[in-house]
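Student: Below: one structure in structure tokens.
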2 protein chains.
Amino acid sequence: MLEQVVLDQKLGSEEYRNAIDALREKLSRLQRQARDGKIGVIVVFEGWDAAGKGTLINQVMQYLDPRGFNVHSIKAPTQEELFRPFLWRFWSRTPEKGRLAIFDRSWYGRVIGDRVDNLLGRKIWQRSYEEIRTFERQLTADGFVLAKFFLHISKGEQRKRFRKLESHPSLAWRVTREDWKRHEQYEEYMTAIEGALAETNTDFAPWTIVEAENRKFATVKVFQTLANAIQEGVDRASRHAAPHPQREAANPVTTSRSVLDEVDLSLDVPHTEYRRKLTRLQKRVRELEHEIYMKRIPVVIVFEGWDAAGKGGAIKRLTKLMDPRGYEVIPVAAPNDVEKAHHYLWRFWAKFPKAGHLTIFDRSWYGRVLVERVEGLCSPDEYKRAYREINEMEAQFAGFGAVIVKFWLQIDKEEQLQRFEARQNNPAKQWKINEEDWRNRDKWGLYERAVEDMLTKTSTAYAPWTIVESNSKRHGRIKTLQTVVEAIEKRLA
Amino acid sequence: MLEQVVLDQKLGSEEYRNAIDALREKLSRLQRQARDGKIGVIVVFEGWDAAGKGTLINQVMQYLDPRGFNVHSIKAPTQEELFRPFLWRFWSRTPEKGRLAIFDRSWYGRVIGDRVDNLLGRKIWQRSYEEIRTFERQLTADGFVLAKFFLHISKGEQRKRFRKLESHPSLAWRVTREDWKRHEQYEEYMTAIEGALAETNTDFAPWTIVEAENRKFATVKVFQTLANAIQEGVDRASRHAAPHPQREAANPVTTSRSVLDEVDLSLDVPHTEYRRKLTRLQKRVRELEHEIYMKRIPVVIVFEGWDAAGKGGAIKRLTKLMDPRGYEVIPVAAPNDVEKAHHYLWRFWAKFPKAGHLTIFDRSWYGRVLVERVEGLCSPDEYKRAYREINEMEAQFAGFGAVIVKFWLQIDKEEQLQRFEARQNNPAKQWKINEEDWRNRDKWGLYERAVEDMLTKTSTAYAPWTIVESNSKRHGRIKTLQTVVEAIEKRLA
């Protein structure tokens, strides 16, 4: 593919100045439109060493309002980053909607440099193609604009540029032994690059190959392409700016028996058995916490369930004897304004546990298909897309080696009423109940439907749901502990 | 000091249960009051190995609402952290107001473990006492509650506990060779610990020594002390919750000639000289960017100035030829809601450059004593305290080795009017001007007074202000470039 690129492109000075002046105005206007339209823009620069990425990026920066962008220079991952799935550090760098993020090198290092250097097995970097496509699709589906540039120069041109730098005393340091080594591997890199471009040249995030031997030509092409990409994003957003569908037509609540109806809420554990099992399981969890630490296995535990179903109590029992250095409980509430300005999965990616640690989510990303669906906080398109997006995210977690345990704590409507009333009548517990809880209760049917859909669509082999019969708190607590223990033991076996 | 602690403390089971039940209720209530009153609480646990920190922390966690706290287990700093002043990683972990942060070990490692291990010169860890006092004073002055616990056991007790752990097959891994080594160094640690406790036992952040040989006694003491500390914080906040003083009595603008009056705004640079100097300086900045990278020197550059004084233009000229991998421009706007929920210096600490990099602030922490003062966004007490706090922060940056350059871009009121009108009449530049700019202009006199105070009170030997005569943009740009070059060269000399 790259061999057929005609590198001998030229542009006269006059022609260049005219083009650049117009584009400069345009880019600056588009940046403001993107800001006002809350469209995030991600610009990726990949390319050969000495192809001129740094200069080009600095030029783009000069024409943008510095209040609206960040530049990320991507180097080898830190220890913290190596202990997370490989896209973790890129998710955390996605911009707020309305801002630009410019990447000087990017997630493509995984399938180019890492591949050539044999840092990963073939299966792993090949799986990364799919992970990258998923990442880019999820972002663009959420309105982000993604512009990806590959700056291409020939091997001969690269040699010429290295030599020229070396001949300047003050610039010679910029050519390192590694640069020459990579130069010698030009053909190997070519294979990896062509593979990467072909595998990830999607309609939602296409590549632009930039003939970079002539700087002026390259600059104009990059500016032009970037301007067009943002323009398209702005146009697309304004077409879709139809009034936000408040919520779906109120579907009649299904009357056929469903998975929640099958739950046996009469399950209970006698008190003495409870005490005995509880302590045994808590001790076992503590041992397992140590074992996963030694084996660097990350564990993700999700608690979802009806209000007052006992999530907090179950989490307390689970962590009772654990070492606080090994786990974290993340209570999930409505997103704050920084979180709202990002992709909805951004804040959950950020909380993925370090390898060897446990993270317990008290509510989670499933809010998208539960409360956000029922309350019309996202559009039907958005929550319908979310099932797949969530499965994809969990698949990446599992692919990285995570144990994923997800609980739905089920109680019936009567039990909830009793618990609400008990809270209301106990001064020490009144703070645990508010108006919203009562309002949610009125939408029991709608929530039930959302829960059924969630359980059906997001129970996977790598991240199955466990329904926990929770009318008996004792039973619920033992079952969650037991399930966590079994899931981790299975992985360690 | 520690030798006089009577370690032989006991508490009966009954007594314990009664005390703990009452405290549990109390803590849980206080946590809600702190949340509602937006009071941040910071709890520090230091102590001997095997003194029971982990168990105690887990117990505190059990009694708190998990939505309201985070636990930070402090280990050796990462590479990223080593490239920043030592309090950087602790600043970033200070909680939002209304939340608790529990530290399992803390910034005291600097003056205890690091000291015993001889990781730092004597001067450095001794300076850290002052840095720690400053850190804690700044936080408590802002309403944070700081509770610091040292869990004390004797050397004999520690040996006993290690041996007991080693005798359990499933717990033996918890005692490492390092633990025994530290045990042998008990007396050296004692010296360091006593020094740290004495030096940092302030009235705003006192230490509580916890006799930790009896777990029940220790638990009650910690809970009791913590509850009292939060209670005091809540009481103090409600006493101060008098109506927020909108702003100072409108002082008559000073008529005596002052530092801004002395600025010679007629300074200019002819066009050809400008071009020549500009390119030469830009090239020099690029070289210096490389040199500071090699020498791992961080550089902080602050741009403040009147609206339309040319901050953006000067920054563009400064960075024109720089390598984007070596610098970052941070445009500072009003804080978002996450930032508002922290100490006002929190977001600036977070942006301190990595050693070897430059950070350019387009507006900065000086907003506290400029716009926030003039607009009454903080109280007079708060902005008056800020001069010292800012000097202290910059002193820590400088102590870490940073070059600090601060610019005030000065223009006169007439020049500003011309620039505002030019912007208004140029369709491509209209976005650069809005109602607020005109409103700020009406407060020229108040701002002038704030600027004078700022320049006088925060120009230090380690972080001096440079006033840039900016009626001539050419002069302003050359002077900023020149000043940056000289400041860095001076450091490298």
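Identifiers in this document derive from the order of the structure tokens: chains are assigned A, B, ..., residues are numbered from 1 separately in each chain, and ligands are numbered from 1 in order of occurrence.
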Quick check: residues of chain A within 7 Å of chain B, only C-alpha atoms, returned as JSON, numbers by chain.

Tutor: {"A": [54, 58, 62, 66, 67, 73, 316, 323, 324, 325, 329, 331]}

Student: When DSSP is applied to the backbone of this structure, which of segment 115-221 of chain B are assigned strand (DSSP E)? Write them out as a PyMOL selection string.

Tutor: chain B and resi 145-152+207-211

Student: With only C-alpha atoms as the counted atoms, please give the residues lying no more than 12 Å from Asp8 of chain B, apart from itself and same-chain residues fewer than 5 positions off, as a PyMOL selection string.

Tutor: chain B and resi 152-154+157+210-215+217-218

Student: Check segment 233-462 of chain B with DSSP on the backbone and list each residue it calls alpha helix (DSSP H), as a PyMOL selection string.

Tutor: chain B and resi 233-239+271-295+311-319+337-340+346-349+371-374+380-399+413-425+435-442+444-458

Student: What's around segment 112-121 of chain B at 9 Å? Count only C-alpha atoms, leave out sequence neighbours fewer than 3 positions away in its own chain, and write the answer as an NGL selection string.

Tutor: :B and (108-109 or 124-126 or 185 or 188-193 or 195-196)

Student: Which neighbours of Ala19 of chain B fall inside 12 Å, counting only C-alpha atoms, when residues of the same chain fewer than 3 positions from it are skipped, and could you give them as an NGL selection string?

Tutor: :B and (11-16 or 22-26 or 216-217 or 219-224)

Student: Between atom CA of Arg89 of chain B and atom CA of Leu288 of chain B, what distance in Å does the model show, to one decimal?

Tutor: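 We find that atom CA of Arg89 of chain B and atom CA of Leu288 of chain B lie 27.7 Å from each other.
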
Student: Skip Phe149 of chain B itself and residues of its chain fewer than 6 positions away, then list as a PyMOL selection string all residues within 6 Å of it, counting only C-alpha atoms.

Tutor: chain B and resi 44-45+207-209

Student: Report the distance between atom CA of Ala350 of chain B and atom CA of Met393 of chain B in Å, rounded to one decimal place.

Tutor: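 Taking atom CA of Ala350 of chain B and atom CA of Met393 of chain B, their separation equals 12.2 Å.
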
Student: Contacts of segment 471-480 of chain A at 9 Å or less, counting only C-alpha atoms, minus same-chain residues fewer than 2 places along, as a ChimeraX atom specification?

Tutor: /A:265-271,274,277-278,281,309-310,313-315,317-318,407,409-412,415-416,466,468-469,482-485

Student: Just give me the gap between atom CA of Glu273 of chain B and atom CA of Val299 of chain B in Å, one decimal is fine.

Tutor: 27.8 Å

Student: Please determine, counting only C-alpha atoms, which residue among A:Arg491, A:Lys148, A:Lys406, A:Arg161 has the shortest atom-to-atom distance to Glu394 of chain A.

Tutor: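 Going through A:Arg491, A:Lys148, A:Lys406, A:Arg161 one by one, the smallest distance to Glu394 of chain A is for A:Lys406.
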